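Printed here is protein-v4.txt (compact mmCIF, C-alpha atoms):
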# COMPACT_ATOMS: atom_id res chain seq x y z
CA MET A 3 122.11 -51.18 15.68
CA GLN A 4 121.42 -53.57 12.83
CA VAL A 5 118.53 -53.01 10.43
CA ARG A 6 116.64 -55.88 8.81
CA THR A 7 113.85 -55.05 6.37
CA ARG A 8 110.97 -57.23 5.24
CA HIS A 9 107.81 -56.98 3.09
CA THR A 10 109.59 -54.59 0.72
CA PRO A 11 109.08 -53.02 -1.74
CA THR A 12 105.32 -52.85 -1.18
CA PHE A 13 104.66 -52.75 2.58
CA GLY A 14 108.06 -52.31 4.18
CA VAL A 15 108.76 -53.01 7.84
CA ALA A 16 112.18 -52.44 9.46
CA ARG A 17 113.41 -54.42 12.44
CA LEU A 18 115.99 -52.51 14.48
CA VAL A 19 118.14 -55.05 16.31
CA LEU A 20 119.70 -53.50 19.41
CA ALA A 21 122.62 -54.47 21.62
CA PRO A 22 122.14 -54.58 25.42
CA ALA A 23 121.00 -51.15 26.70
CA GLU A 24 121.34 -49.66 23.21
CA PRO A 25 119.00 -46.73 22.43
CA VAL A 26 117.47 -45.76 19.07
CA LEU A 27 115.36 -42.78 18.01
CA VAL A 28 112.19 -43.62 16.09
CA GLU A 29 109.27 -41.71 14.61
CA ARG A 30 106.74 -41.82 17.43
CA SER A 31 103.75 -43.25 15.53
CA SER A 32 105.79 -45.78 13.51
CA VAL A 33 106.38 -48.37 16.27
CA VAL A 34 104.62 -51.64 15.38
CA ALA A 35 106.09 -53.93 18.06
CA THR A 36 109.08 -54.40 20.36
CA SER A 37 110.68 -57.34 22.05
CA TYR A 38 109.79 -57.70 25.72
CA GLY A 39 111.80 -55.38 27.96
CA VAL A 40 112.35 -52.56 25.47
CA THR A 41 111.36 -49.21 26.99
CA VAL A 42 109.66 -46.55 24.87
CA ASP A 43 110.01 -42.95 26.01
CA THR A 44 107.78 -40.62 23.98
CA ARG A 45 109.68 -37.65 25.38
CA GLY A 46 112.55 -38.46 23.03
CA LYS A 47 114.04 -35.38 21.42
CA ALA A 48 114.78 -34.89 17.73
CA PRO A 49 114.26 -31.37 16.33
CA GLY A 50 111.61 -31.05 13.66
CA VAL A 51 110.11 -34.54 14.03
CA LYS A 52 107.96 -36.39 16.57
CA ALA A 53 110.37 -38.85 18.12
CA ALA A 54 110.42 -41.57 20.75
CA LEU A 55 113.52 -43.05 22.37
CA CYS A 56 113.48 -46.86 22.48
CA THR A 57 116.08 -48.55 24.69
CA ALA A 58 116.87 -52.25 24.81
CA GLY A 59 117.05 -54.16 28.08
CA PRO A 60 120.15 -55.88 29.48
CA GLU A 61 119.74 -58.78 27.04
CA GLY A 62 119.33 -56.59 23.97
CA GLY A 63 116.16 -56.52 21.89
CA TRP A 64 114.44 -55.25 18.78
CA VAL A 65 111.97 -52.62 17.58
CA ASP A 66 109.76 -52.94 14.48
CA VAL A 67 108.86 -49.71 12.69
CA ALA A 68 106.65 -49.13 9.64
CA PRO A 69 105.46 -45.99 7.79
CA PRO A 70 101.76 -45.03 7.52
CA LEU A 71 101.75 -45.23 3.72
CA PRO A 72 102.55 -48.34 1.64
CA GLY A 73 105.91 -48.54 -0.05
CA ASP A 74 109.59 -49.28 0.11
CA LEU A 75 112.23 -48.63 2.78
CA HIS A 76 115.80 -47.43 2.43
CA VAL A 77 118.62 -47.72 4.96
CA LEU A 78 121.03 -44.81 4.69
CA GLU A 79 124.48 -45.55 6.13
CA LEU A 80 126.30 -42.39 7.19
CA ASP A 81 130.07 -42.54 7.63
CA GLY A 82 130.59 -39.24 9.45
CA ALA A 83 131.95 -37.48 6.34
CA ALA A 84 129.14 -36.06 4.18
CA GLY A 85 125.80 -35.02 5.60
CA TRP A 86 122.43 -35.61 3.92
CA CYS A 87 119.42 -33.40 3.23
CA VAL A 88 116.29 -35.54 3.62
CA ALA A 89 112.54 -34.94 3.36
CA ARG A 90 111.27 -34.85 6.94
CA ASN A 91 108.22 -37.02 6.24
CA THR A 92 110.47 -39.92 5.19
CA TRP A 93 112.34 -40.36 8.51
CA LEU A 94 111.43 -43.53 10.43
CA ALA A 95 114.38 -44.21 12.74
CA GLY A 96 118.02 -43.50 13.31
CA ALA A 97 120.99 -44.31 15.50
CA VAL A 98 121.49 -41.81 18.32
CA THR A 99 124.94 -41.12 16.84
CA VAL A 100 123.23 -39.38 13.89
CA ALA A 101 122.07 -35.80 14.55
CA LEU A 102 118.96 -34.26 12.98
CA ASP A 103 119.10 -30.52 12.37
CA PRO A 104 116.35 -28.82 10.31
CA ALA A 105 118.25 -25.53 10.65
CA ALA A 106 121.62 -26.80 9.33
CA PRO A 107 123.30 -24.46 6.80
CA PRO A 108 122.72 -26.70 3.72
CA VAL A 109 118.98 -26.80 4.47
CA ARG A 110 118.70 -23.11 5.39
CA ALA A 111 120.39 -22.22 2.11
CA LEU A 112 117.65 -24.05 0.18
CA HIS A 113 114.73 -22.87 2.34
CA GLY A 114 115.90 -19.28 2.49
CA GLY A 115 116.10 -19.42 6.28
CA ASP A 116 112.52 -20.58 6.80
CA SER A 117 111.50 -23.84 8.41
CA GLY A 118 110.72 -26.23 5.60
CA PHE A 119 110.11 -29.75 4.39
CA LEU A 120 113.77 -30.84 4.59
CA THR A 121 115.93 -31.79 7.53
CA HIS A 122 119.65 -32.54 7.74
CA PHE A 123 121.48 -35.61 9.01
CA ARG A 124 125.11 -35.73 10.09
CA GLY A 125 127.11 -38.31 12.01
CA ALA A 126 127.93 -41.98 11.72
CA GLY A 127 125.30 -44.73 11.80
CA SER A 128 122.12 -45.99 10.19
CA VAL A 129 119.04 -43.97 9.26
CA VAL A 130 115.85 -45.69 8.08
CA LEU A 131 113.82 -43.78 5.50
CA SER A 132 110.34 -44.59 4.21
CA CYS A 133 109.35 -44.33 0.57
CA TYR A 134 105.75 -43.91 -0.57
CA GLY A 135 105.76 -46.14 -3.66
CA THR A 136 109.03 -47.59 -4.92
CA LEU A 137 112.51 -46.21 -4.39
CA ASP A 138 114.28 -44.81 -7.47
CA VAL A 139 117.92 -43.74 -7.48
CA VAL A 140 118.88 -41.02 -9.96
CA THR A 141 122.61 -41.27 -10.67
CA LEU A 142 124.13 -38.16 -12.24
CA ALA A 143 127.41 -38.10 -14.14
CA ALA A 144 129.74 -35.11 -13.84
CA GLY A 145 128.02 -32.08 -15.37
CA GLU A 146 124.72 -33.91 -15.90
CA LEU A 147 121.62 -31.90 -14.98
CA VAL A 148 118.15 -33.01 -13.90
CA THR A 149 115.01 -31.32 -12.56
CA LEU A 150 112.91 -33.26 -10.01
CA ASP A 151 109.61 -32.47 -8.35
CA ALA A 152 110.25 -31.68 -4.68
CA GLY A 153 107.47 -34.02 -3.53
CA HIS A 154 109.24 -37.00 -5.09
CA VAL A 155 112.70 -36.33 -3.60
CA ILE A 156 113.64 -38.40 -0.54
CA GLY A 157 117.19 -37.16 -0.03
CA PHE A 158 120.62 -36.30 -1.37
CA ALA A 159 124.14 -35.77 -0.02
CA ASP A 160 124.80 -32.16 0.96
CA THR A 161 127.85 -32.19 -1.35
CA LEU A 162 125.59 -32.38 -4.43
CA GLN A 163 125.04 -29.14 -6.32
CA CYS A 164 121.36 -28.15 -6.23
CA ARG A 165 118.88 -25.32 -6.06
CA LEU A 166 115.22 -25.16 -5.07
CA ARG A 167 112.87 -23.03 -7.18
CA ALA A 168 109.24 -22.53 -8.16
CA LEU A 169 107.91 -24.78 -10.90
CA THR A 170 106.10 -21.81 -12.48
CA PRO A 171 105.42 -18.32 -11.07
CA ASP A 172 101.63 -18.75 -11.26
CA VAL A 173 101.50 -21.89 -9.07
CA PRO A 174 101.31 -21.48 -5.26
CA GLN A 175 104.55 -22.53 -3.52
CA SER A 176 105.38 -23.57 0.03
CA VAL A 177 108.79 -24.37 1.52
CA ARG A 178 106.94 -25.89 4.47
CA THR A 179 105.43 -28.68 2.33
CA GLY A 180 107.39 -28.51 -0.95
CA ASP A 181 104.23 -27.75 -2.93
CA GLY A 182 104.87 -26.07 -6.29
CA LEU A 183 108.65 -26.48 -5.99
CA VAL A 184 111.28 -28.37 -7.97
CA PHE A 185 114.97 -29.17 -7.47
CA ASP A 186 117.64 -28.60 -10.10
CA PHE A 187 120.56 -30.98 -9.49
CA ALA A 188 123.99 -31.06 -11.12
CA GLY A 189 126.21 -34.15 -11.03
CA PRO A 190 128.23 -35.97 -10.07
CA GLY A 191 126.16 -37.61 -7.36
CA LEU A 192 122.93 -39.44 -6.68
CA VAL A 193 119.44 -38.48 -5.55
CA LEU A 194 117.01 -40.81 -3.78
CA THR A 195 113.46 -40.41 -5.12
CA ARG A 196 110.05 -42.03 -4.64
CA THR A 197 107.61 -42.97 -7.36
CA ARG A 198 104.63 -41.53 -5.43
CA SER A 199 104.20 -38.21 -3.64
CA PRO A 200 102.30 -38.00 -0.32
CA ARG A 201 101.09 -34.51 -1.27
CA GLY A 202 99.87 -35.94 -4.56
CA LEU A 203 97.75 -38.42 -2.60
CA VAL A 204 96.22 -35.59 -0.57
CA THR A 205 95.43 -33.65 -3.76
CA TRP A 206 93.88 -36.71 -5.43
CA LEU A 207 91.66 -37.41 -2.41
CA ARG A 208 90.51 -33.80 -2.29
CA ASP A 209 89.86 -33.56 -6.04
CA ASN A 210 87.86 -36.80 -6.02
CA GLY A 211 85.49 -35.81 -3.27
CA PHE A 212 87.17 -37.37 -0.25
CA SER A 213 87.27 -35.19 2.83
CA MET A 214 89.24 -35.29 6.06
CA ARG A 215 85.99 -34.44 7.84
CA ALA A 216 83.36 -37.08 8.56
Would you mind writing the file's structure down as structure tokens?
Amino acid sequence: MQVRTRHTPTFGVARLVLAPAEPVLVERSSVVATSYGVTVDTRGKAPGVKAALCTAGPEGGWVDVAPPLPGDLHVLELDGAAGWCVARNTWLAGAVTVALDPAAPPVRALHGGDSGFLTHFRGAGSVVLSCYGTLDVVTLAAGELVTLDAGHVIGFADTLQCRLRALTPDVPQSVRTGDGLVFDFAGPGLVLTRTRSPRGLVTWLRDNGFSMRA
């Protein structure tokens, strides 16, 4: 699979170019268009996310995917060595050679064993991540420390030293959504972040009188 992005960094769209009969897993609601002959099976399986399996025809093909919120895209290339912990609501698509596991040990260690807002990727191949706002990369030198709001973190290699904790004891926290939580990271390594938080958008809409109900 080859990934070609366009309309970034504001309204990113990713084109997944597939070889003959090649499959790819995508977030079910993210499919914008496909070339003729690509099959879309909404019974695709990927734990913790709503997935569809798209398979190219005998001549190959392509699938266009886009996130629901405006912003950038990032293509994560896994080499089969280190795994990555990634916010579940950022996943758009991935090669079938990359496994998603929301119960992997690095994630369970952060969530305390509960199902939470992170999932884990391991394998070799491309993963397409969405970014509400613009992508920022925080590069940490050896021994350098940083604290980041959980809602702004897209992902980080599972080799990076980190802990997840409450921002303050008097603020409600949820490992399911990341609300009220921050990460403490220690270098060396890098963290992918986004300049806008989807939960922040929900809070702003609620506080300014917008309701999900008609």
Could you produce a table of the residues of range 100-177 of chain A lying within 12 Å of range 36-48 of chain A, with the nearest pair of atoms per residue and their separation in Å rounded to one decimal, using only C-alpha atoms, ordered by chain and increasing residue number, as JSON lines?
{"residue": "A:Val100", "atom": "CA", "partner": "A:Ala48", "partner_atom": "CA", "distance": 10.3}
{"residue": "A:Ala101", "atom": "CA", "partner": "A:Ala48", "partner_atom": "CA", "distance": 8.0}
{"residue": "A:Leu102", "atom": "CA", "partner": "A:Ala48", "partner_atom": "CA", "distance": 6.4}
{"residue": "A:Asp103", "atom": "CA", "partner": "A:Ala48", "partner_atom": "CA", "distance": 8.2}
{"residue": "A:Pro104", "atom": "CA", "partner": "A:Ala48", "partner_atom": "CA", "distance": 9.7}
{"residue": "A:Thr121", "atom": "CA", "partner": "A:Ala48", "partner_atom": "CA", "distance": 10.7}
{"residue": "A:His122", "atom": "CA", "partner": "A:Ala48", "partner_atom": "CA", "distance": 11.4}
{"residue": "A:Phe123", "atom": "CA", "partner": "A:Ala48", "partner_atom": "CA", "distance": 11.0}
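Rounded to one decimal, CA of Gln4 in chain A and CA of Gly135 in chain A lie 23.9 Å from each other.
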Atomic separation - CA of Val98 in chain A relative to CA of Asp160 in chain A, Å: 20.1 Å
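With CA of Pro190 in chain A on one side and CA of Cys87 in chain A on the other, the separation reads 16.2 Å.
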Exercise: Gly63 in chain A partners within 7 Å, all atoms listed in the file, chain neighbours under 4 positions left out, as JSON, numbers by chain: {"A": [19, 20, 21, 37, 40, 58, 59]}
Tell me, counting all atoms listed in the file, for each residue of range 50-109 of chain A within 12 Å of range 200-209 of chain A, which pair of atoms is nearest and how far apart they are in Å to one decimal, in rows ordered by chain and increasing number, as a tab-separated table.
residue	atom	partner	partner_atom	distance
A:Pro69	CA	A:Pro200	CA	11.8
A:Pro70	CA	A:Pro200	CA	10.5
A:Leu71	CA	A:Pro200	CA	8.3
A:Pro72	CA	A:Pro200	CA	10.5
A:Gly73	CA	A:Pro200	CA	11.1
A:Ala89	CA	A:Pro200	CA	11.3
A:Arg90	CA	A:Pro200	CA	12.0
A:Asn91	CA	A:Pro200	CA	8.9
A:Thr92	CA	A:Pro200	CA	10.0
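Residue neighbourhood of Phe13 in chain A, excluding near-sequence residues (fewer than 2 positions): His9, Thr10, Pro11, Val15, Pro72, Gly73 and Asp74 of chain A, at 7 Å, using all atoms listed in the file.
Between Ser176 in chain A and the residues A:His113, A:Pro107, A:Gly96, A:Gly145, the shortest atom-to-atom distance, using only C-alpha atoms, involves A:His113.
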Selected residue, from A:Gly191, A:Gly50, A:Gly14, A:Gly211, that lies nearest to Val139 in chain A when counting all atoms listed in the file: A:Gly191
Within 7 Å of Trp93 in chain A using all atoms listed in the file, minus same-chain residues under 6 positions, as a ChimeraX atom specification: /A:29,130-132
Selected residue of minimal separation from Val129 in chain A among A:Thr179, A:Thr99, A:Thr195, A:Thr141, counting only C-alpha atoms: A:Thr99
Shortest interatomic distance to Ser199 in chain A - which of A:His154, A:Arg17, A:Arg8, A:Arg124, counting only C-alpha atoms: A:His154
For Gly82 in chain A: contacts at 8 Å, all atoms listed in the file, fewer than 6 positions along chain excluded, given as a PyMOL selection string: chain A and resi 124-127
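Counting only C-alpha atoms and comparing A:Met3, A:Thr12, A:Leu162, A:Ala54, the residue that lies closest to Glu79 in chain A is A:Met3.
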Selected residue, from A:Gly189, A:Pro49, A:Pro22, A:Pro174, that lies nearest to Leu142 in chain A when counting only C-alpha atoms: A:Gly189
Residue neighbourhood Gly114 in chain A, 12 Å, all atoms listed in the file, exclusion window fewer than 6 positions, as a VMD selection string: chain A and resid 105 to 108 120 165 to 167 176 to 178
Save the residues we just selected, C-alpha atoms, as a JSON list (two decimals), in the frame of the given file?
[["chain", "number", "residue", "atom", "x", "y", "z"],
["A", 105, "ALA", "CA", 118.25, -25.53, 10.65],
["A", 106, "ALA", "CA", 121.62, -26.80, 9.33],
["A", 107, "PRO", "CA", 123.30, -24.46, 6.80],
["A", 108, "PRO", "CA", 122.72, -26.70, 3.72],
["A", 120, "LEU", "CA", 113.77, -30.84, 4.59],
["A", 165, "ARG", "CA", 118.88, -25.32, -6.06],
["A", 166, "LEU", "CA", 115.22, -25.16, -5.07],
["A", 167, "ARG", "CA", 112.87, -23.03, -7.18],
["A", 176, "SER", "CA", 105.38, -23.57, 0.03],
["A", 177, "VAL", "CA", 108.79, -24.37, 1.52],
["A", 178, "ARG", "CA", 106.94, -25.89, 4.47]]
What does range 39-51 of chain A look like written to a file with all heavy atoms, as a CSV table (one decimal), in the first residue's frame?
chain,number,residue,atom,x,y,z
A,39,GLY,N,-14.4,-1.2,-8.7
A,39,GLY,CA,-14.0,-2.6,-8.5
A,39,GLY,C,-13.5,-2.9,-7.1
A,39,GLY,O,-13.2,-4.1,-6.8
A,40,VAL,N,-13.3,-1.9,-6.3
A,40,VAL,CA,-12.8,-2.1,-4.9
A,40,VAL,C,-14.0,-2.5,-4.1
A,40,VAL,O,-15.1,-1.9,-4.1
A,40,VAL,CB,-12.2,-0.8,-4.3
A,40,VAL,CG1,-12.0,-1.0,-2.8
A,40,VAL,CG2,-10.9,-0.5,-5.0
A,41,THR,N,-13.9,-3.6,-3.3
A,41,THR,CA,-15.0,-4.1,-2.5
A,41,THR,C,-14.8,-3.6,-1.1
A,41,THR,O,-13.7,-3.4,-0.6
A,41,THR,CB,-15.0,-5.6,-2.4
A,41,THR,OG1,-13.8,-6.1,-1.9
A,41,THR,CG2,-15.2,-6.2,-3.8
A,42,VAL,N,-15.9,-3.2,-0.4
A,42,VAL,CA,-15.9,-2.7,0.9
A,42,VAL,C,-16.7,-3.6,1.8
A,42,VAL,O,-17.9,-3.7,1.6
A,42,VAL,CB,-16.4,-1.3,1.0
A,42,VAL,CG1,-16.4,-0.7,2.4
A,42,VAL,CG2,-15.6,-0.3,0.0
A,43,ASP,N,-16.1,-4.3,2.7
A,43,ASP,CA,-16.8,-5.2,3.6
A,43,ASP,C,-16.8,-4.6,5.0
A,43,ASP,O,-15.8,-4.4,5.7
A,43,ASP,CB,-16.0,-6.5,3.7
A,43,ASP,CG,-16.7,-7.6,4.5
A,43,ASP,OD1,-17.7,-7.2,5.2
A,43,ASP,OD2,-16.3,-8.7,4.6
A,44,THR,N,-18.0,-4.1,5.5
A,44,THR,CA,-18.1,-3.4,6.8
A,44,THR,C,-18.0,-4.4,7.9
A,44,THR,O,-18.1,-4.0,9.1
A,44,THR,CB,-19.5,-2.7,6.8
A,44,THR,OG1,-20.5,-3.6,6.6
A,44,THR,CG2,-19.5,-1.6,5.8
A,45,ARG,N,-17.8,-5.7,7.6
A,45,ARG,CA,-17.6,-6.7,8.7
A,45,ARG,C,-16.2,-6.8,9.0
A,45,ARG,O,-15.8,-7.7,9.8
A,45,ARG,CB,-18.2,-8.0,8.3
A,45,ARG,CG,-19.7,-8.0,8.1
A,45,ARG,CD,-20.2,-9.3,7.4
A,45,ARG,NE,-19.6,-9.5,6.1
A,45,ARG,CZ,-19.7,-10.5,5.4
A,45,ARG,NH1,-20.5,-11.5,5.8
A,45,ARG,NH2,-19.1,-10.6,4.2
A,46,GLY,N,-15.3,-5.9,8.5
A,46,GLY,CA,-13.9,-6.0,8.8
A,46,GLY,C,-13.7,-5.9,10.3
A,46,GLY,O,-14.4,-5.2,11.0
A,47,LYS,N,-12.6,-6.6,10.8
A,47,LYS,CA,-12.4,-6.7,12.2
A,47,LYS,C,-11.1,-6.0,12.6
A,47,LYS,O,-10.0,-6.2,12.0
A,47,LYS,CB,-12.3,-8.2,12.6
A,47,LYS,CG,-13.5,-9.0,12.3
A,47,LYS,CD,-14.7,-8.6,13.2
A,47,LYS,CE,-15.9,-9.4,13.0
A,47,LYS,NZ,-17.1,-9.0,13.8
A,48,ALA,N,-11.2,-5.1,13.6
A,48,ALA,CA,-10.1,-4.4,14.2
A,48,ALA,C,-10.5,-4.1,15.6
A,48,ALA,O,-11.4,-3.3,15.8
A,48,ALA,CB,-9.7,-3.2,13.4
A,49,PRO,N,-10.0,-4.7,16.6
A,49,PRO,CA,-10.5,-4.5,18.0
A,49,PRO,C,-10.4,-3.1,18.5
A,49,PRO,O,-9.4,-2.4,18.3
A,49,PRO,CB,-9.5,-5.4,18.8
A,49,PRO,CG,-8.3,-5.6,18.0
A,49,PRO,CD,-8.8,-5.6,16.6
A,50,GLY,N,-11.5,-2.6,19.0
A,50,GLY,CA,-11.6,-1.3,19.6
A,50,GLY,C,-11.9,-0.2,18.7
A,50,GLY,O,-12.1,1.0,19.1
A,51,VAL,N,-12.1,-0.4,17.4
A,51,VAL,CA,-12.4,0.6,16.4
A,51,VAL,C,-13.5,0.0,15.4
A,51,VAL,O,-13.6,-1.2,15.3
A,51,VAL,CB,-11.2,1.1,15.6
A,51,VAL,CG1,-10.2,1.8,16.5
A,51,VAL,CG2,-10.5,0.0,14.8
